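Chemist: entry27.tsv is reproduced below (TSV, C-alpha atoms).
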```tsv
chain	number	residue	atom	x	y	z
A	1	MET	CA	0.00	0.00	0.00
A	2	ALA	CA	1.28	3.48	-0.85
A	3	LYS	CA	2.50	5.41	2.14
A	4	GLU	CA	0.20	8.22	3.18
A	5	PHE	CA	0.25	11.15	5.56
A	6	ILE	CA	-2.42	13.32	7.13
A	7	TRP	CA	-2.10	17.08	6.81
A	8	ASN	CA	-2.66	18.65	10.25
A	9	LEU	CA	-2.73	22.35	9.40
A	10	ASP	CA	-5.07	24.65	7.47
A	11	SER	CA	-5.27	23.54	3.84
A	12	GLN	CA	-2.18	24.65	1.94
A	13	LEU	CA	-0.52	24.81	-1.46
A	14	PRO	CA	2.94	23.23	-1.42
A	15	ARG	CA	5.71	24.31	-3.77
A	16	GLN	CA	5.44	20.93	-5.46
A	17	GLY	CA	2.56	18.48	-5.49
A	18	PRO	CA	-1.22	18.73	-5.08
A	19	MET	CA	-3.07	20.82	-2.50
A	20	LEU	CA	-2.76	19.67	1.09
A	21	GLU	CA	-6.22	19.43	2.65
A	22	LYS	CA	-6.66	19.74	6.39
A	23	GLY	CA	-7.32	16.41	8.06
A	24	LYS	CA	-7.11	14.46	4.81
A	25	ALA	CA	-4.73	11.68	3.83
A	26	HIS	CA	-2.31	12.34	0.98
A	27	LYS	CA	-0.03	10.01	-0.95
A	28	ALA	CA	3.55	10.64	0.08
A	29	SER	CA	4.74	9.78	-3.42
A	30	ASP	CA	3.03	12.92	-4.77
A	31	TYR	CA	5.53	15.12	-2.92
A	32	PRO	CA	9.32	15.21	-2.56
A	33	ALA	CA	10.29	12.61	0.04
A	34	HIS	CA	12.55	14.93	2.04
A	35	VAL	CA	9.77	17.51	2.24
A	36	VAL	CA	7.20	15.04	3.55
A	37	GLU	CA	9.71	13.81	6.11
A	38	PHE	CA	10.24	17.40	7.25
A	39	TRP	CA	6.50	18.14	7.44
A	40	VAL	CA	6.06	15.05	9.62
A	41	LYS	CA	9.04	15.93	11.78
A	42	SER	CA	7.76	19.48	12.29
A	43	GLY	CA	4.23	18.35	13.12
A	44	ALA	CA	2.58	19.77	10.02
A	45	ALA	CA	1.72	16.21	8.98
A	46	GLU	CA	1.69	12.72	10.41
A	47	TRP	CA	2.03	9.32	8.85
A	48	VAL	CA	-1.10	7.26	8.42
A	49	GLU	CA	-0.57	4.11	10.40
A	50	ASP	CA	-4.19	3.14	10.47
A	51	LYS	CA	-6.92	4.13	8.00
A	52	SER	CA	-9.46	4.55	10.81
A	53	LYS	CA	-7.39	7.47	12.09
A	54	VAL	CA	-8.13	9.40	8.92
A	55	LYS	CA	-11.84	9.27	9.61
A	56	VAL	CA	-11.29	10.55	13.13
A	57	LYS	CA	-9.20	13.43	11.81
A	58	GLU	CA	-11.83	14.36	9.24
A	59	LYS	CA	-14.48	14.55	11.95
A	60	GLU	CA	-12.41	16.96	14.07
B	1	MET	CA	13.10	19.73	-5.91
B	2	ALA	CA	16.16	21.52	-4.71
B	3	THR	CA	17.43	25.05	-4.36
B	4	PRO	CA	17.39	26.50	-7.89
B	5	THR	CA	20.74	26.80	-9.58
B	6	SER	CA	19.38	29.35	-12.06
B	7	ALA	CA	19.82	33.08	-11.48
B	8	GLU	CA	16.23	33.71	-12.60
B	9	SER	CA	14.67	35.25	-9.50
B	10	ARG	CA	11.15	34.17	-10.49
B	11	LEU	CA	12.20	30.65	-9.52
B	12	HIS	CA	13.28	31.59	-6.00
B	13	ALA	CA	11.16	31.17	-2.89
B	14	ARG	CA	10.99	33.32	0.21
B	15	GLY	CA	9.78	32.60	3.71
B	16	PHE	CA	9.02	34.35	6.98
B	17	LYS	CA	8.22	32.95	10.40
B	18	LYS	CA	7.87	34.29	13.93
B	19	THR	CA	10.69	33.29	16.23
B	20	ALA	CA	11.18	33.40	19.99
B	21	GLU	CA	14.77	34.42	20.63
B	22	TRP	CA	16.56	37.30	18.94
B	23	GLY	CA	19.56	36.06	17.00
B	24	THR	CA	18.29	32.48	16.78
B	25	ALA	CA	16.58	31.33	13.60
B	26	LEU	CA	13.88	28.71	13.51
B	27	ALA	CA	13.20	26.34	10.66
B	28	LEU	CA	10.80	27.61	8.03
B	29	GLY	CA	8.36	25.22	6.39
B	30	ALA	CA	4.59	24.83	6.22
B	31	LEU	CA	2.56	28.10	6.32
B	32	ASN	CA	5.65	30.27	5.86
B	33	GLU	CA	5.95	31.12	2.17
B	34	VAL	CA	6.00	34.76	1.06
B	35	LEU	CA	5.58	35.67	-2.61
B	36	VAL	CA	7.52	38.80	-3.44
B	37	VAL	CA	6.41	40.97	-6.33
B	38	ALA	CA	8.49	40.30	-9.43
B	39	PRO	CA	10.48	41.88	-10.83
B	40	GLY	CA	11.29	43.27	-7.45
B	41	SER	CA	13.49	42.80	-4.50
B	42	SER	CA	13.37	42.97	-0.75
B	43	GLY	CA	16.93	44.26	-0.75
B	44	LEU	CA	18.18	41.27	1.24
B	45	ASP	CA	21.91	41.17	0.58
B	46	VAL	CA	25.30	40.76	2.18
B	47	PRO	CA	25.69	43.18	5.11
B	48	ALA	CA	27.92	46.13	4.32
B	49	GLN	CA	30.37	45.09	7.00
B	50	PRO	CA	33.17	47.67	7.05
B	51	ILE	CA	36.87	47.00	7.41
B	52	ASP	CA	39.20	49.17	9.43
B	53	PRO	CA	42.76	49.46	8.15
B	54	ALA	CA	45.37	49.62	10.89
B	55	LEU	CA	46.60	53.19	10.35
B	56	GLU	CA	49.31	53.38	12.94
B	57	SER	CA	52.74	54.88	13.21
B	58	ASP	CA	55.54	53.31	11.24
B	59	THR	CA	53.07	52.03	8.69
B	60	PRO	CA	54.15	53.11	5.20
B	61	PHE	CA	51.59	50.72	3.80
B	62	VAL	CA	48.58	49.13	5.49
B	63	LYS	CA	49.58	45.71	6.70
B	64	LYS	CA	46.32	44.56	8.25
B	65	SER	CA	42.63	45.52	8.31
B	66	GLU	CA	40.06	44.33	10.76
B	67	LEU	CA	36.55	43.28	9.84
B	68	LEU	CA	34.23	45.34	12.03
B	69	GLN	CA	30.81	44.71	13.51
B	70	ILE	CA	27.98	43.61	11.27
B	71	PRO	CA	25.65	46.55	10.62
B	72	PRO	CA	21.89	45.98	10.53
B	73	VAL	CA	20.42	45.27	7.12
B	74	ASP	CA	17.15	47.01	6.24
B	75	ILE	CA	14.87	45.22	3.83
B	76	ALA	CA	11.41	45.95	2.48
B	77	VAL	CA	9.38	42.97	1.35
B	78	PRO	CA	6.95	43.94	-1.45
B	79	VAL	CA	3.91	41.70	-1.89
B	80	ARG	CA	0.55	41.71	-3.61
B	81	LEU	CA	-1.70	41.64	-0.58
B	82	ARG	CA	-4.46	39.06	-0.58
B	83	TYR	CA	-7.23	38.62	1.95
B	84	GLU	CA	-5.62	35.26	2.65
B	85	MET	CA	-2.38	36.95	3.63
B	86	GLY	CA	-0.32	33.91	4.53
B	87	ALA	CA	3.04	34.44	6.21
B	88	ILE	CA	3.32	38.14	5.39
B	89	GLY	CA	0.22	38.59	7.58
B	90	SER	CA	2.39	37.66	10.56
B	91	ALA	CA	4.85	40.42	9.71
B	92	ILE	CA	2.01	42.94	9.37
B	93	ALA	CA	0.55	41.78	12.68
B	94	MET	CA	3.95	42.40	14.28
B	95	VAL	CA	3.87	46.04	13.17
B	96	TYR	CA	0.47	46.42	14.84
B	97	GLY	CA	1.68	44.40	17.83
B	98	THR	CA	-1.43	42.45	18.80
B	99	ALA	CA	-3.34	39.74	16.98
B	100	GLY	CA	-4.96	36.76	18.69
B	101	VAL	CA	-6.91	33.62	18.02
B	102	PRO	CA	-9.53	34.47	15.39
B	103	THR	CA	-13.25	34.25	15.98
B	104	LYS	CA	-15.21	31.88	13.80
B	105	VAL	CA	-17.97	34.04	12.32
B	106	SER	CA	-19.69	31.64	9.94
B	107	THR	CA	-20.63	28.01	10.36
B	108	THR	CA	-17.40	26.50	9.16
B	109	LYS	CA	-15.08	28.64	7.07
B	110	ALA	CA	-14.93	32.36	7.90
B	111	TYR	CA	-12.71	33.66	10.69
B	112	LYS	CA	-12.29	37.21	11.95
B	113	HIS	CA	-8.83	38.41	12.99
B	114	ILE	CA	-8.19	41.73	14.71
B	115	PHE	CA	-4.80	43.44	14.72
B	116	GLN	CA	-4.63	46.14	17.41
B	117	TRP	CA	-1.97	48.79	17.86
B	118	LYS	CA	0.21	47.91	20.84
B	119	ASP	CA	2.21	50.41	22.92
B	120	GLU	CA	5.45	48.82	21.79
B	121	ILE	CA	6.51	45.72	19.93
B	122	SER	CA	9.53	44.37	21.79
B	123	GLY	CA	9.72	40.60	21.49
B	124	LEU	CA	8.04	40.49	18.10
B	125	PHE	CA	10.37	39.39	15.34
B	126	GLY	CA	11.00	36.51	12.99
B	127	VAL	CA	13.33	34.79	10.58
B	128	TYR	CA	13.34	35.62	6.87
B	129	ALA	CA	15.04	33.69	4.07
B	130	GLU	CA	15.29	33.87	0.31
B	131	GLU	CA	16.63	31.44	-2.22
B	132	ARG	CA	19.55	32.46	-4.40
B	133	PRO	CA	21.22	30.36	-7.10
B	134	SER	CA	22.45	27.28	-5.19
B	135	LYS	CA	22.25	29.21	-1.91
B	136	ILE	CA	19.80	30.26	0.77
B	137	PHE	CA	20.24	33.72	2.21
B	138	GLU	CA	18.87	33.81	5.74
B	139	ALA	CA	18.34	36.75	8.04
B	140	PRO	CA	18.23	34.93	11.40
B	141	SER	CA	16.31	37.75	13.10
B	142	VAL	CA	14.22	40.41	11.40
B	143	LYS	CA	12.03	43.00	13.04
B	144	PRO	CA	9.08	44.30	11.04
B	145	TYR	CA	8.59	47.97	11.87
B	146	ARG	CA	6.91	49.57	8.86
B	147	VAL	CA	4.21	48.68	6.40
B	148	GLU	CA	2.96	50.73	3.50
B	149	PHE	CA	-0.22	49.86	1.64
B	150	ASN	CA	-0.79	51.31	-1.80
B	151	PHE	CA	-2.11	50.32	-5.19
B	152	SER	CA	-0.34	49.36	-8.38
B	153	ASN	CA	-2.51	48.76	-11.44
B	154	GLY	CA	-5.48	48.54	-9.10
B	155	ILE	CA	-3.92	45.79	-6.97
B	156	LEU	CA	-3.35	46.30	-3.25
B	157	MET	CA	0.34	46.12	-2.49
B	158	ALA	CA	1.98	45.92	0.90
B	159	ASN	CA	5.61	46.74	1.46
B	160	VAL	CA	6.82	45.52	4.83
B	161	GLY	CA	9.97	47.13	6.20
B	162	MET	CA	12.12	44.95	8.42
B	163	ARG	CA	15.47	45.41	10.17
B	164	CYS	CA	17.72	42.33	10.09
B	165	ASN	CA	20.50	41.48	12.52
B	166	ASN	CA	22.53	39.71	9.85
B	167	VAL	CA	22.38	37.89	6.53
B	168	ILE	CA	24.10	34.53	6.15
B	169	ASP	CA	24.33	31.94	3.38
B	170	ASN	CA	25.40	28.95	5.46
B	171	SER	CA	22.45	28.48	7.79
B	172	ALA	CA	22.26	25.08	9.38
B	173	VAL	CA	18.64	25.73	10.30
B	174	ASN	CA	17.18	26.73	6.95
B	175	THR	CA	18.53	24.54	4.20
B	176	ALA	CA	17.01	23.34	0.95
B	177	THR	CA	14.66	21.03	2.84
B	178	GLN	CA	13.02	23.76	4.90
B	179	VAL	CA	12.62	26.08	1.94
B	180	ASP	CA	11.29	23.27	-0.24
B	181	ALA	CA	8.71	22.63	2.50
B	182	LEU	CA	7.22	26.16	2.35
B	183	THR	CA	3.48	26.38	1.70
B	184	LEU	CA	0.85	29.02	0.94
B	185	PRO	CA	-2.81	29.13	1.99
B	186	ALA	CA	-4.91	26.82	-0.19
B	187	THR	CA	-7.14	29.68	-1.34
B	188	PHE	CA	-4.23	32.03	-2.07
B	189	PHE	CA	-4.99	32.04	-5.79
B	190	GLY	CA	-8.77	31.75	-5.44
B	191	ALA	CA	-11.31	34.02	-7.12
B	192	GLY	CA	-11.75	37.37	-5.41
B	193	VAL	CA	-8.96	36.76	-2.92
B	194	GLN	CA	-6.62	39.42	-4.30
B	195	ALA	CA	-7.49	42.73	-2.65
B	196	MET	CA	-8.18	45.31	-5.36
B	197	PHE	CA	-8.77	49.06	-5.60
B	198	ALA	CA	-12.17	48.18	-7.05
B	199	HIS	CA	-13.04	46.44	-3.76
B	200	ALA	CA	-12.37	49.54	-1.67
B	201	ALA	CA	-14.81	51.82	0.11
B	202	VAL	CA	-13.32	54.74	2.02
B	203	LYS	CA	-15.61	56.54	4.44
B	204	MET	CA	-14.89	59.47	6.71
B	205	ASN	CA	-16.79	61.74	9.07
B	206	ALA	CA	-16.24	63.69	12.26
B	207	GLU	CA	-14.94	61.63	15.16
B	208	SER	CA	-17.97	62.75	17.16
B	209	GLY	CA	-20.39	61.89	14.34
B	210	ALA	CA	-22.51	58.85	13.60
B	211	ASP	CA	-21.23	55.45	12.54
B	212	VAL	CA	-18.83	56.11	9.67
B	213	ALA	CA	-19.86	52.84	8.00
B	214	GLU	CA	-23.19	54.53	7.17
B	215	GLU	CA	-21.51	57.37	5.28
B	216	THR	CA	-21.36	57.63	1.52
B	217	ALA	CA	-18.01	56.39	0.24
B	218	LEU	CA	-15.57	59.06	-0.88
B	219	VAL	CA	-14.82	59.31	-4.58
B	220	LEU	CA	-11.09	58.66	-4.71
B	221	SER	CA	-8.58	58.21	-7.50
B	222	ASP	CA	-5.96	56.74	-5.19
B	223	PHE	CA	-5.00	56.37	-1.56
B	224	ASN	CA	-2.23	54.92	0.54
B	225	MET	CA	-1.53	54.14	4.17
B	226	VAL	CA	1.77	54.13	6.04
B	227	PHE	CA	2.24	52.58	9.47
B	228	GLU	CA	5.70	53.15	10.86
B	229	ARG	CA	7.31	52.65	14.23
B	230	PRO	CA	10.45	54.77	14.74
B	231	LEU	CA	12.94	51.98	15.32
B	232	GLU	CA	16.45	52.67	16.56
B	233	ALA	CA	19.18	51.87	14.06
B	234	GLY	CA	20.50	49.03	16.17
B	235	GLN	CA	22.99	48.66	18.98
B	236	HIS	CA	25.87	46.26	19.42
B	237	VAL	CA	26.76	44.89	22.80
B	238	ALA	CA	29.88	43.18	24.09
B	239	GLY	CA	30.39	39.68	22.89
B	240	SER	CA	28.37	39.90	19.71
B	241	ASN	CA	29.02	41.07	16.16
B	242	THR	CA	25.34	41.63	15.43
B	243	ILE	CA	22.80	44.07	16.83
B	244	ILE	CA	20.48	43.36	19.70
B	245	GLU	CA	16.75	43.61	19.09
B	246	PRO	CA	15.99	47.20	18.07
B	247	LEU	CA	13.41	49.11	20.07
B	248	GLU	CA	11.39	52.18	19.19
B	249	GLU	CA	12.99	55.51	19.86
B	250	GLY	CA	11.72	59.05	19.77
B	251	GLN	CA	8.98	60.63	21.80
B	252	SER	CA	6.80	61.26	18.81
B	253	GLY	CA	5.65	57.65	18.72
B	254	PRO	CA	4.46	55.86	15.64
B	255	GLY	CA	3.64	57.62	12.44
B	256	ILE	CA	0.41	56.45	10.89
B	257	THR	CA	-0.53	58.44	7.85
B	258	VAL	CA	-3.28	58.08	5.29
B	259	THR	CA	-3.18	60.03	2.04
B	260	LEU	CA	-6.34	60.42	0.00
B	261	ASN	CA	-6.31	61.62	-3.59
B	262	PHE	CA	-9.47	62.80	-5.30
B	263	PRO	CA	-9.92	62.88	-9.08
B	264	ARG	CA	-11.40	66.39	-8.95
B	265	MET	CA	-12.29	69.16	-6.55
B	266	SER	CA	-15.91	68.70	-5.56
B	267	THR	CA	-18.55	69.91	-3.14
B	268	VAL	CA	-17.51	67.08	-0.83
B	269	ASN	CA	-13.77	67.63	-0.67
B	270	ASN	CA	-13.84	71.44	-0.98
B	271	ALA	CA	-15.15	71.42	2.61
B	272	PHE	CA	-11.90	69.89	3.89
B	273	PHE	CA	-10.18	73.31	3.82
B	274	GLN	CA	-12.55	74.66	6.47
B	275	THR	CA	-12.64	71.39	8.41
B	276	PHE	CA	-8.86	71.49	8.53
B	277	LEU	CA	-8.86	75.07	9.83
B	278	ALA	CA	-11.51	74.22	12.42
B	279	GLY	CA	-9.35	71.32	13.61
B	280	THR	CA	-12.26	68.92	13.60
B	281	GLU	CA	-10.92	65.40	14.16
B	282	GLN	CA	-12.18	62.77	11.80
B	283	LYS	CA	-12.68	59.04	11.90
B	284	LEU	CA	-11.94	56.91	8.89
B	285	LEU	CA	-12.85	53.46	7.66
B	286	ILE	CA	-11.07	51.89	4.70
B	287	LYS	CA	-12.72	48.63	3.83
B	288	LEU	CA	-11.93	46.21	1.01
B	289	THR	CA	-14.39	43.42	0.36
B	290	GLY	CA	-13.50	40.41	-1.76
B	291	SER	CA	-15.25	37.17	-2.59
B	292	LEU	CA	-17.88	35.37	-0.54
B	293	ILE	CA	-16.49	32.83	1.91
B	294	GLU	CA	-19.70	31.44	3.31
B	295	GLU	CA	-23.24	32.56	4.23
B	296	THR	CA	-23.03	36.37	4.49
B	297	TYR	CA	-19.30	36.52	5.21
B	298	TYR	CA	-16.92	37.88	2.59
B	299	HIS	CA	-13.16	38.20	2.53
B	300	ASP	CA	-12.59	41.55	4.21
B	301	LEU	CA	-9.82	43.93	5.13
B	302	ALA	CA	-11.17	46.78	7.23
B	303	PHE	CA	-8.74	49.44	8.40
B	304	TYR	CA	-10.25	51.46	11.25
B	305	PHE	CA	-8.89	54.85	12.28
B	306	PRO	CA	-10.85	56.14	15.31
B	307	ARG	CA	-9.30	59.61	15.32
B	308	MET	CA	-7.53	61.32	12.45
B	309	LYS	CA	-6.11	64.81	12.26
B	310	MET	CA	-6.33	66.48	8.89
B	311	GLN	CA	-3.11	67.75	7.41
B	312	ASN	CA	-2.44	69.64	4.26
B	313	PRO	CA	-5.67	69.62	2.26
B	314	ASN	CA	-4.75	70.77	-1.21
B	315	TYR	CA	-6.35	71.54	-4.54
B	316	PRO	CA	-3.68	71.47	-7.26
B	317	VAL	CA	-4.64	73.28	-10.42
B	318	GLU	CA	-4.09	71.13	-13.47
B	319	GLU	CA	-6.34	70.88	-16.51
B	320	ILE	CA	-8.73	69.27	-14.06
B	321	VAL	CA	-8.56	70.78	-10.57
B	322	LYS	CA	-7.91	67.88	-8.24
B	323	SER	CA	-7.82	67.48	-4.49
B	324	GLY	CA	-5.67	65.75	-1.94
B	325	LEU	CA	-5.67	65.26	1.80
B	326	THR	CA	-3.32	63.73	4.33
B	327	LEU	CA	-4.47	62.51	7.73
B	328	GLN	CA	-2.41	61.63	10.77
B	329	ALA	CA	-3.66	59.06	13.28
B	330	GLU	CA	-4.19	59.95	16.91
B	331	GLN	CA	-5.62	58.06	19.85
B	332	ALA	CA	-9.29	58.72	20.56
B	333	ALA	CA	-10.40	59.46	24.10
B	334	ALA	CA	-13.19	56.93	23.69
B	335	ALA	CA	-14.09	54.51	20.93
B	336	PRO	CA	-16.21	56.53	18.51
B	337	THR	CA	-19.60	55.33	17.35
B	338	GLY	CA	-19.22	52.26	15.17
B	339	MET	CA	-15.68	51.50	16.27
B	340	THR	CA	-14.36	49.25	19.01
B	341	TYR	CA	-10.94	50.61	19.98
B	342	LEU	CA	-9.16	53.90	20.57
B	343	ARG	CA	-6.23	53.39	18.20
B	344	PRO	CA	-6.02	52.26	14.59
B	345	TYR	CA	-6.87	48.59	14.15
B	346	LEU	CA	-7.36	46.15	11.32
B	347	GLU	CA	-10.12	43.58	11.02
B	348	ILE	CA	-9.57	40.74	8.59
B	349	ILE	CA	-12.08	38.10	7.61
B	350	ASN	CA	-10.58	35.12	5.83
B	351	GLN	CA	-10.22	31.37	6.21
B	352	GLN	CA	-7.12	31.23	8.39
B	353	THR	CA	-8.02	29.45	11.62
B	354	THR	CA	-4.90	30.35	13.57
B	355	ASP	CA	-3.47	33.43	15.29
B	356	TYR	CA	-1.12	35.40	13.02
B	357	LEU	CA	1.17	35.84	16.00
B	358	ALA	CA	1.09	32.23	17.21
```
Here is a file; write its structure as structure tokens.
Modeler:
Amino acid sequence: MAKEFIWNLDSQLPRQGPMLEKGKAHKASDYPAHVVEFWVKSGAAEWVEDKSKVKVKEKE
Amino acid sequence: MATPTSAESRLHARGFKKTAEWGTALALGALNEVLVVAPGSSGLDVPAQPIDPALESDTPFVKKSELLQIPPVDIAVPVRLRYEMGAIGSAIAMVYGTAGVPTKVSTTKAYKHIFQWKDEISGLFGVYAEERPSKIFEAPSVKPYRVEFNFSNGILMANVGMRCNNVIDNSAVNTATQVDALTLPATFFGAGVQAMFAHAAVKMNAESGADVAEETALVLSDFNMVFERPLEAGQHVAGSNTIIEPLEEGQSGPGITVTLNFPRMSTVNNAFFQTFLAGTEQKLLIKLTGSLIEETYYHDLAFYFPRMKMQNPNYPVEEIVKSGLTLQAEQAAAAPTGMTYLRPYLEIINQQTTDYLA
């Protein structure tokens, strides 16, 4: 399964890749790997470990 | 993606972020991109660090020069101002001094932010960086102290003046990764998000009068606003080559000036001569309204000036006799009808859910 991350901040436009929607899961392969790693490290995003977590985030 | 190797400046990104400790940069990234008007420049460049040749006795020719302290670097970041301001909104909020968590005003999307004018702005600064070919120029600490709003081709521009403690090209904090990770608000390029001259309504009446929002809008050909805090040039202290955080100096306090230009002398603006002589203080509302966000809430920028002193009304004779007026902001004794605070403040309605000074 493709690795995904959840965007935690207000919806944003990255320099490269599709729009990042708040609380939604995004395919990591759509963005530069080092950038996604940095977003996760800085708390802007988090890896999806479990699909059910996405639904919880969307409800928030 | 990597730092561009090309010298074409249109390819280069910029970023700004609030920091906590003067002289210490923080990593840029999400939410922090600033788009600078092109072709244009903030003026961020190598500090003009002087050298001092050792002119001493028995020195037929200089044998050694010392590199002296790093002088502050003044930059001015020119942007096309959108209702979704993004990172430059943080710099503008720093000039005002107070922001806060926004209030949700519609069911889901619209948030109201209020920037209020603070007594002083010590402790408010950030980090600013720009890409250069194969390099990242970083100003580890920058203090916004001036913002000018004006129009170019009918588009609202903001030019934010900042004083930097240094400029480096070998930051370990902001490298290609951090700059690659910059982002803009999702609606940054949306319809009706760019603030335009055509969106503006400027209303003015006596400070003691009724709600200025109920007035008829003035017929203007142009206007601009300048908010400036008189910042000291910058002081060095023992043990450091760079300046400490600059503070405001001068007893006169901030200079907040609005200039209104009228396309022709009229029965409305010909009264300003007598109003000026009578010394009648005015209140002023400059409101720009963009696209609908949700329900009855639109993107808004509303500049409130509770008390304005008229200066220099003028009626230059050209083929068409025109009119102009400058106003200087003062602090009202009490919030006038229709306004909430005593000093100039800015209300913004957009979709940002977080405090511009968080």
Chemist: Can you write out as a tab-separated table which residues of range 45-112 of chain B fall within 10 Å of range 345-349 of chain B, alongside each residue's closest atom pair and its distance in Å to one decimal, counting all atoms listed in the file and ordering rows by chain and ascending residue number?
Modeler:
```
residue	atom	partner	partner_atom	distance
B:Tyr83	CA	B:Ile348	CA	7.4
B:Glu84	CA	B:Ile349	CA	8.6
B:Met85	CA	B:Ile348	CA	9.5
B:Ala93	CA	B:Leu346	CA	9.1
B:Tyr96	CA	B:Tyr345	CA	7.7
B:Thr98	CA	B:Tyr345	CA	9.4
B:Ala99	CA	B:Leu346	CA	9.4
B:Pro102	CA	B:Ile349	CA	9.0
B:Thr103	CA	B:Ile349	CA	9.3
B:Lys104	CA	B:Ile349	CA	9.3
B:Val105	CA	B:Ile349	CA	8.6
B:Lys109	CA	B:Ile349	CA	9.9
B:Ala110	CA	B:Ile349	CA	6.4
B:Tyr111	CA	B:Ile349	CA	5.4
B:Lys112	CA	B:Ile349	CA	4.4
```
Chemist: Distance CA of Lys3 in chain A-CA of Leu28 in chain B, one decimal place?
Modeler: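 About the pair CA of Lys3 in chain A and CA of Leu28 in chain B: they are 24.4 Å apart.
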Chemist: For chain B, work out the contacting residues on chain A at 8 Å, counting all atoms listed in the file, and write them as a list in words.
Modeler: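 For chain A, the answer reads Asp10, Ser11, Gln12, Leu13, Pro14, Arg15, Gln16, Met19, Leu20, Pro32, His34, Val35, Val36, Phe38, Trp39 and Ala44 of chain A.
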Chemist: Grab all the atoms of range 301-315 of chain B that the file lists, wrap them in a box along x, y and z, add 4 Å per side, and give me centre plus edge lengths in Å (one decimal) as lines of an AutoDock Vina configuration file.
Modeler:
```
center_x = -6.8
center_y = 57.7
center_z = 5.4
size_x = 16.7
size_y = 35.6
size_z = 27.9
```
Chemist: Work out how far CA of Cys164 in chain B is from CA of Arg14 in chain B, in Å to one decimal.
Modeler: 15.0 Å
Chemist: Have a look at CA of Ile256 in chain B and CA of Ala329 in chain B and let me know their distance in Å, one decimal.
Modeler: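 Interatomic distance here is 5.4 Å.
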Chemist: Quick one: residues within 12 Å of Thr267 in chain B, all atoms listed in the file counted, chain neighbours fewer than 4 positions away excluded, as a PDB file with C-alpha atoms, in the frame of the given file?
Modeler:
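After the write, result.pdb holds the following:
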```pdb
ATOM      1  CA  LEU B 218     -15.570  59.060  -0.880  1.00  0.00           C
ATOM      2  CA  VAL B 219     -14.820  59.310  -4.580  1.00  0.00           C
ATOM      3  CA  PHE B 262      -9.470  62.800  -5.300  1.00  0.00           C
ATOM      4  CA  ALA B 271     -15.150  71.420   2.610  1.00  0.00           C
ATOM      5  CA  PHE B 272     -11.900  69.890   3.890  1.00  0.00           C
ATOM      6  CA  PHE B 273     -10.180  73.310   3.820  1.00  0.00           C
ATOM      7  CA  LYS B 322      -7.910  67.880  -8.240  1.00  0.00           C
ATOM      8  CA  SER B 323      -7.820  67.480  -4.490  1.00  0.00           C
TER       9      SER B 323
END
```
Chemist: Identify, on the basis of all atoms listed in the file, every residue whose closest approach to range 306-313 of chain B does not exceed 10 Å; exclude the query and any residue fewer than 5 positions from it along the same chain; express the result as a VMD selection string.
Modeler: chain B and resid 204 to 208 212 256 to 261 269 to 285 323 to 345
Chemist: Using all atoms listed in the file, which protein or nucleic acid residues come within 6 Å of Asn32 in chain B? Drop anything in the same chain fewer than 4 positions from it, and give the result as a PyMOL selection string.
Modeler: chain B and resi 15-17+87+182
Chemist: Point out the residue among B:Met157, B:Leu26, B:Ala201, B:Ala191 with the least atom-to-atom distance to Ala172 in chain B, counting only C-alpha atoms.
Modeler: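 Ranking B:Met157, B:Leu26, B:Ala201, B:Ala191 by distance to Ala172 in chain B, first place goes to B:Leu26.
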